[in-house]
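Source file: target.csv. Holds: CSV, N, CA and C atoms.
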```csv
chain,number,residue,atom,x,y,z
A,210,MET,N,-21.6,-5.1,33.9
A,210,MET,CA,-21.0,-4.1,33.0
A,210,MET,C,-20.0,-3.2,33.8
A,211,LEU,N,-19.0,-2.7,33.0
A,211,LEU,CA,-18.0,-1.9,33.6
A,211,LEU,C,-18.6,-0.4,33.6
A,212,ASP,N,-18.1,0.3,34.6
A,212,ASP,CA,-18.5,1.7,34.8
A,212,ASP,C,-17.8,2.5,33.7
A,213,PRO,N,-18.6,3.3,32.9
A,213,PRO,CA,-17.9,4.2,31.9
A,213,PRO,C,-16.9,5.1,32.4
A,214,LYS,N,-17.0,5.4,33.7
A,214,LYS,CA,-16.0,6.3,34.3
A,214,LYS,C,-14.6,5.6,34.4
A,215,VAL,N,-14.6,4.3,34.4
A,215,VAL,CA,-13.4,3.6,34.5
A,215,VAL,C,-12.6,3.8,33.1
A,216,PHE,N,-13.4,3.7,32.0
A,216,PHE,CA,-12.8,3.9,30.7
A,216,PHE,C,-12.3,5.3,30.5
A,217,GLU,N,-13.1,6.3,31.0
A,217,GLU,CA,-12.7,7.7,30.9
A,217,GLU,C,-11.4,7.9,31.7
A,218,GLU,N,-11.3,7.4,32.9
A,218,GLU,CA,-10.1,7.5,33.7
A,218,GLU,C,-8.9,6.9,33.1
A,219,PHE,N,-9.1,5.7,32.5
A,219,PHE,CA,-8.1,5.0,31.9
A,219,PHE,C,-7.6,5.8,30.7
A,220,SER,N,-8.5,6.3,29.9
A,220,SER,CA,-8.2,7.1,28.7
A,220,SER,C,-7.4,8.4,29.1
A,221,ALA,N,-7.8,9.0,30.2
A,221,ALA,CA,-7.2,10.2,30.7
A,221,ALA,C,-5.7,9.9,31.1
A,222,ARG,N,-5.6,8.8,31.8
A,222,ARG,CA,-4.2,8.4,32.3
A,222,ARG,C,-3.3,8.1,31.1
A,223,LEU,N,-3.9,7.3,30.2
A,223,LEU,CA,-3.1,6.9,29.0
A,223,LEU,C,-2.7,8.2,28.2
A,224,GLY,N,-3.6,9.1,28.1
A,224,GLY,CA,-3.3,10.4,27.4
A,224,GLY,C,-2.2,11.1,28.1
A,225,ALA,N,-2.2,11.2,29.4
A,225,ALA,CA,-1.2,11.9,30.2
A,225,ALA,C,0.2,11.2,30.0
A,226,ILE,N,0.1,9.8,30.0
A,226,ILE,CA,1.4,9.1,29.8
A,226,ILE,C,2.0,9.3,28.5
A,227,ILE,N,1.1,9.3,27.4
A,227,ILE,CA,1.6,9.5,26.1
A,227,ILE,C,2.1,10.9,25.9
A,228,ALA,N,1.4,11.9,26.5
A,228,ALA,CA,1.9,13.3,26.4
A,228,ALA,C,3.2,13.5,27.0
A,229,ALA,N,3.5,12.8,28.1
A,229,ALA,CA,4.8,12.9,28.8
A,229,ALA,C,5.9,12.0,28.2
A,230,SER,N,5.6,11.2,27.2
A,230,SER,CA,6.6,10.3,26.7
A,230,SER,C,7.1,10.7,25.3
A,231,PRO,N,8.1,10.1,24.8
A,231,PRO,CA,8.6,10.4,23.5
A,231,PRO,C,7.6,10.1,22.4
A,232,VAL,N,6.6,9.3,22.7
A,232,VAL,CA,5.5,9.0,21.7
A,232,VAL,C,4.9,10.3,21.2
A,233,ALA,N,4.7,11.2,22.1
A,233,ALA,CA,4.1,12.5,21.7
A,233,ALA,C,4.9,13.2,20.7
A,234,ASP,N,6.2,13.2,20.9
A,234,ASP,CA,7.2,13.8,19.9
A,234,ASP,C,7.1,13.1,18.6
A,235,VAL,N,7.1,11.7,18.6
A,235,VAL,CA,7.0,11.0,17.4
A,235,VAL,C,5.8,11.3,16.6
A,236,GLU,N,4.6,11.4,17.4
A,236,GLU,CA,3.4,11.7,16.7
A,236,GLU,C,3.4,13.1,16.1
A,237,LYS,N,4.0,14.1,16.8
A,237,LYS,CA,4.1,15.4,16.3
A,237,LYS,C,4.9,15.5,15.1
A,238,ASN,N,6.1,14.8,15.1
A,238,ASN,CA,7.0,14.8,14.0
A,238,ASN,C,6.4,14.0,12.8
A,239,ALA,N,5.6,13.0,13.1
A,239,ALA,CA,5.0,12.2,12.0
A,239,ALA,C,3.9,13.1,11.3
A,240,ARG,N,3.2,13.8,12.1
A,240,ARG,CA,2.2,14.8,11.5
A,240,ARG,C,2.8,15.8,10.7
A,241,ALA,N,3.9,16.4,11.2
A,241,ALA,CA,4.6,17.4,10.4
A,241,ALA,C,5.2,16.9,9.1
A,242,LEU,N,5.7,15.7,9.2
A,242,LEU,CA,6.2,15.0,8.0
A,242,LEU,C,5.1,14.8,6.9
A,243,LEU,N,4.0,14.2,7.4
A,243,LEU,CA,2.9,13.9,6.5
A,243,LEU,C,2.3,15.2,5.9
A,244,THR,N,2.2,16.3,6.7
A,244,THR,CA,1.7,17.5,6.3
A,244,THR,C,2.6,18.1,5.2
A,245,SER,N,3.9,18.0,5.4
A,245,SER,CA,4.8,18.5,4.4
A,245,SER,C,4.7,17.6,3.1
A,246,PHE,N,4.6,16.4,3.2
A,246,PHE,CA,4.5,15.5,2.1
A,246,PHE,C,3.3,15.8,1.3
A,247,PHE,N,2.1,15.9,2.0
A,247,PHE,CA,0.9,16.2,1.2
A,247,PHE,C,0.9,17.6,0.6
A,248,THR,N,1.5,18.5,1.2
A,248,THR,CA,1.7,19.9,0.6
A,248,THR,C,2.4,19.8,-0.7
A,249,LYS,N,3.5,19.0,-0.7
A,249,LYS,CA,4.3,18.9,-1.9
A,249,LYS,C,3.5,18.2,-3.1
A,250,LEU,N,2.5,17.4,-2.7
A,250,LEU,CA,1.7,16.7,-3.7
A,250,LEU,C,0.8,17.6,-4.5
A,251,ASP,N,0.6,18.8,-3.9
A,251,ASP,CA,-0.3,19.8,-4.5
A,251,ASP,C,-1.7,19.3,-4.7
A,252,LEU,N,-2.3,18.7,-3.6
A,252,LEU,CA,-3.6,18.2,-3.6
A,252,LEU,C,-4.7,19.3,-3.4
A,253,VAL,N,-5.9,19.0,-3.8
A,253,VAL,CA,-7.0,19.9,-3.6
A,253,VAL,C,-8.0,19.3,-2.6
A,254,SER,N,-8.7,20.1,-2.0
A,254,SER,CA,-9.7,19.6,-1.0
A,254,SER,C,-10.9,19.0,-1.8
A,255,ARG,N,-11.7,18.2,-1.1
A,255,ARG,CA,-12.9,17.6,-1.7
A,255,ARG,C,-13.8,18.7,-2.1
A,256,GLU,N,-13.9,19.8,-1.3
A,256,GLU,CA,-14.8,20.9,-1.6
A,256,GLU,C,-14.4,21.5,-2.9
A,257,GLU,N,-13.1,21.8,-3.1
A,257,GLU,CA,-12.6,22.4,-4.3
A,257,GLU,C,-12.8,21.5,-5.5
A,258,PHE,N,-12.6,20.2,-5.3
A,258,PHE,CA,-12.8,19.2,-6.4
A,258,PHE,C,-14.3,19.2,-6.8
A,259,ASP,N,-15.2,19.2,-5.8
A,259,ASP,CA,-16.7,19.2,-6.2
A,259,ASP,C,-17.1,20.5,-6.9
A,260,ILE,N,-16.5,21.7,-6.5
A,260,ILE,CA,-16.8,22.9,-7.2
A,260,ILE,C,-16.3,22.8,-8.6
A,261,GLN,N,-15.1,22.4,-8.8
A,261,GLN,CA,-14.5,22.3,-10.2
A,261,GLN,C,-15.3,21.3,-11.0
A,262,ALA,N,-15.8,20.2,-10.4
A,262,ALA,CA,-16.6,19.2,-11.2
A,262,ALA,C,-17.9,19.9,-11.6
A,263,GLN,N,-18.5,20.7,-10.8
A,263,GLN,CA,-19.8,21.4,-11.2
A,263,GLN,C,-19.5,22.4,-12.3
A,264,VAL,N,-18.4,23.1,-12.2
A,264,VAL,CA,-18.0,24.1,-13.3
A,264,VAL,C,-17.8,23.3,-14.6
A,265,LEU,N,-17.1,22.2,-14.6
A,265,LEU,CA,-16.9,21.4,-15.8
A,265,LEU,C,-18.2,20.9,-16.3
A,266,LEU,N,-19.2,20.5,-15.5
A,266,LEU,CA,-20.5,20.0,-16.0
A,266,LEU,C,-21.2,21.1,-16.7
A,267,ARG,N,-21.2,22.3,-16.1
A,267,ARG,CA,-21.9,23.5,-16.7
A,267,ARG,C,-21.2,23.8,-18.0
A,268,THR,N,-19.9,23.7,-18.1
A,268,THR,CA,-19.2,24.0,-19.3
A,268,THR,C,-19.5,23.0,-20.4
A,269,ARG,N,-19.6,21.8,-20.0
A,269,ARG,CA,-20.0,20.7,-21.0
A,269,ARG,C,-21.4,21.0,-21.6
A,270,GLU,N,-22.3,21.3,-20.7
A,270,GLU,CA,-23.7,21.6,-21.1
A,270,GLU,C,-23.7,22.8,-22.1
A,271,LYS,N,-23.0,23.9,-21.8
A,271,LYS,CA,-22.9,25.0,-22.7
A,271,LYS,C,-22.3,24.6,-24.0
A,272,LEU,N,-21.2,23.8,-24.0
A,272,LEU,CA,-20.6,23.4,-25.2
A,272,LEU,C,-21.5,22.5,-26.1
A,273,LYS,N,-22.3,21.7,-25.4
A,273,LYS,CA,-23.3,20.9,-26.2
A,273,LYS,C,-24.3,21.8,-26.9
A,274,VAL,N,-24.8,22.8,-26.2
A,274,VAL,CA,-25.8,23.7,-26.8
A,274,VAL,C,-25.1,24.5,-27.9
A,275,LEU,N,-23.9,24.9,-27.8
A,275,LEU,CA,-23.2,25.6,-28.8
A,275,LEU,C,-22.9,24.7,-30.0
A,276,GLU,N,-22.6,23.5,-29.8
A,276,GLU,CA,-22.3,22.6,-30.9
A,276,GLU,C,-23.6,22.3,-31.7
A,277,GLU,N,-24.7,22.2,-31.0
A,277,GLU,CA,-26.0,22.0,-31.7
A,277,GLU,C,-26.4,23.2,-32.5
A,278,ARG,N,-26.1,24.4,-31.9
A,278,ARG,CA,-26.4,25.7,-32.6
A,278,ARG,C,-25.6,25.8,-33.9
A,279,VAL,N,-24.3,25.5,-33.8
A,279,VAL,CA,-23.4,25.5,-34.9
A,279,VAL,C,-23.9,24.5,-36.0
A,280,ALA,N,-24.3,23.4,-35.6
A,280,ALA,CA,-24.7,22.3,-36.5
A,280,ALA,C,-26.0,22.8,-37.2
A,281,ARG,N,-26.9,23.5,-36.5
A,281,ARG,CA,-28.1,24.0,-37.2
A,281,ARG,C,-27.8,25.1,-38.2
A,282,LEU,N,-26.9,26.0,-37.7
A,282,LEU,CA,-26.5,27.1,-38.6
A,282,LEU,C,-25.8,26.6,-39.9
A,283,GLU,N,-24.9,25.6,-39.7
A,283,GLU,CA,-24.2,25.0,-40.9
A,283,GLU,C,-25.2,24.3,-41.8
A,284,SER,N,-26.2,23.6,-41.2
A,284,SER,CA,-27.2,22.9,-42.1
A,284,SER,C,-28.0,23.9,-42.8
A,285,ARG,N,-28.4,25.0,-42.2
A,285,ARG,CA,-29.1,26.1,-42.9
A,285,ARG,C,-28.3,26.7,-44.0
A,286,ASN,N,-27.0,26.9,-43.7
A,286,ASN,CA,-26.1,27.6,-44.7
A,286,ASN,C,-25.9,26.6,-45.8
A,287,GLY,N,-25.8,25.3,-45.5
A,287,GLY,CA,-25.6,24.3,-46.6
A,287,GLY,C,-26.8,24.2,-47.5
A,288,ALA,N,-28.0,24.4,-46.9
A,288,ALA,CA,-29.2,24.3,-47.7
A,288,ALA,C,-29.4,25.5,-48.6
A,289,ASN,N,-28.8,26.6,-48.2
A,289,ASN,CA,-28.9,27.9,-49.0
A,289,ASN,C,-27.9,27.9,-50.2
A,290,ASP,N,-26.8,27.0,-50.1
A,290,ASP,CA,-25.8,27.0,-51.2
A,290,ASP,C,-26.2,26.4,-52.4
```
Can you dump the structure from the file as structure tokens?
Amino acid sequence: MLDPKVFEEFSARLGAIIAASPVADVEKNARALLTSFFTKLDLVSREEFDIQAQVLLRTREKLKVLEERVARLESRNGAND
């Protein structure tokens, strides 16, 4: 088996080489470009999506209860006519 320290040393050297090369600039520019692109898409986080899904579920439940209540009231009112 290879010593894990060999991989750590290789990773550290590779990181240093990349940091000192134009690849680091390319990566930085690519991240900035993607960040700008995603900002323009007006995306929401998964957390915000989950919160809004819960709000929608509660709203649907309340709507169902209100629809049932209106139906009962209308049936009572129709029986009285």
Between atom N of Thr248 in chain A and atom C of Ala262 in chain A, what is the distance, to one decimal in Å? 23.3 Å
Pairwise distance for CA of Val253 in chain A and atom N of Lys273 in chain A, rounded to one decimal in Å: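 These two atoms are separated by 26.7 Å.
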Could you tell me how far CA of Ala280 in chain A lies from atom N of Thr268 in chain A, in Å and to one decimal? 19.1 Å
File contents for range 257-269 of chain A with N, CA and C atoms as a PDB file, in the first residue's frame:
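Below you can see part_26.pdb, which holds the result:
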```
ATOM      1  N   GLU A 257     -35.555  27.795   1.028  1.00  0.00           N
ATOM      2  CA  GLU A 257     -36.696  28.675   0.726  1.00  0.00           C
ATOM      3  C   GLU A 257     -37.778  27.912  -0.019  1.00  0.00           C
ATOM      4  N   PHE A 258     -37.394  27.033  -0.937  1.00  0.00           N
ATOM      5  CA  PHE A 258     -38.360  26.226  -1.671  1.00  0.00           C
ATOM      6  C   PHE A 258     -39.147  25.345  -0.711  1.00  0.00           C
ATOM      7  N   ASP A 259     -38.457  24.688   0.224  1.00  0.00           N
ATOM      8  CA  ASP A 259     -39.126  23.812   1.184  1.00  0.00           C
ATOM      9  C   ASP A 259     -40.083  24.591   2.073  1.00  0.00           C
ATOM     10  N   ILE A 260     -39.676  25.793   2.488  1.00  0.00           N
ATOM     11  CA  ILE A 260     -40.544  26.629   3.318  1.00  0.00           C
ATOM     12  C   ILE A 260     -41.809  26.995   2.544  1.00  0.00           C
ATOM     13  N   GLN A 261     -41.638  27.423   1.299  1.00  0.00           N
ATOM     14  CA  GLN A 261     -42.795  27.803   0.495  1.00  0.00           C
ATOM     15  C   GLN A 261     -43.698  26.605   0.205  1.00  0.00           C
ATOM     16  N   ALA A 262     -43.118  25.418   0.044  1.00  0.00           N
ATOM     17  CA  ALA A 262     -43.926  24.211  -0.164  1.00  0.00           C
ATOM     18  C   ALA A 262     -44.775  23.921   1.068  1.00  0.00           C
ATOM     19  N   GLN A 263     -44.219  24.124   2.260  1.00  0.00           N
ATOM     20  CA  GLN A 263     -44.975  23.924   3.495  1.00  0.00           C
ATOM     21  C   GLN A 263     -46.102  24.945   3.626  1.00  0.00           C
ATOM     22  N   VAL A 264     -45.809  26.187   3.276  1.00  0.00           N
ATOM     23  CA  VAL A 264     -46.841  27.231   3.311  1.00  0.00           C
ATOM     24  C   VAL A 264     -47.969  26.874   2.347  1.00  0.00           C
ATOM     25  N   LEU A 265     -47.630  26.419   1.159  1.00  0.00           N
ATOM     26  CA  LEU A 265     -48.637  26.034   0.176  1.00  0.00           C
ATOM     27  C   LEU A 265     -49.477  24.871   0.679  1.00  0.00           C
ATOM     28  N   LEU A 266     -48.855  23.894   1.311  1.00  0.00           N
ATOM     29  CA  LEU A 266     -49.581  22.751   1.839  1.00  0.00           C
ATOM     30  C   LEU A 266     -50.576  23.192   2.910  1.00  0.00           C
ATOM     31  N   ARG A 267     -50.139  24.052   3.831  1.00  0.00           N
ATOM     32  CA  ARG A 267     -51.053  24.552   4.865  1.00  0.00           C
ATOM     33  C   ARG A 267     -52.196  25.358   4.242  1.00  0.00           C
ATOM     34  N   THR A 268     -51.896  26.139   3.224  1.00  0.00           N
ATOM     35  CA  THR A 268     -52.922  26.937   2.556  1.00  0.00           C
ATOM     36  C   THR A 268     -53.945  26.037   1.876  1.00  0.00           C
ATOM     37  N   ARG A 269     -53.470  24.980   1.232  1.00  0.00           N
ATOM     38  CA  ARG A 269     -54.398  24.035   0.593  1.00  0.00           C
ATOM     39  C   ARG A 269     -55.299  23.356   1.620  1.00  0.00           C
TER      40      ARG A 269
END
```
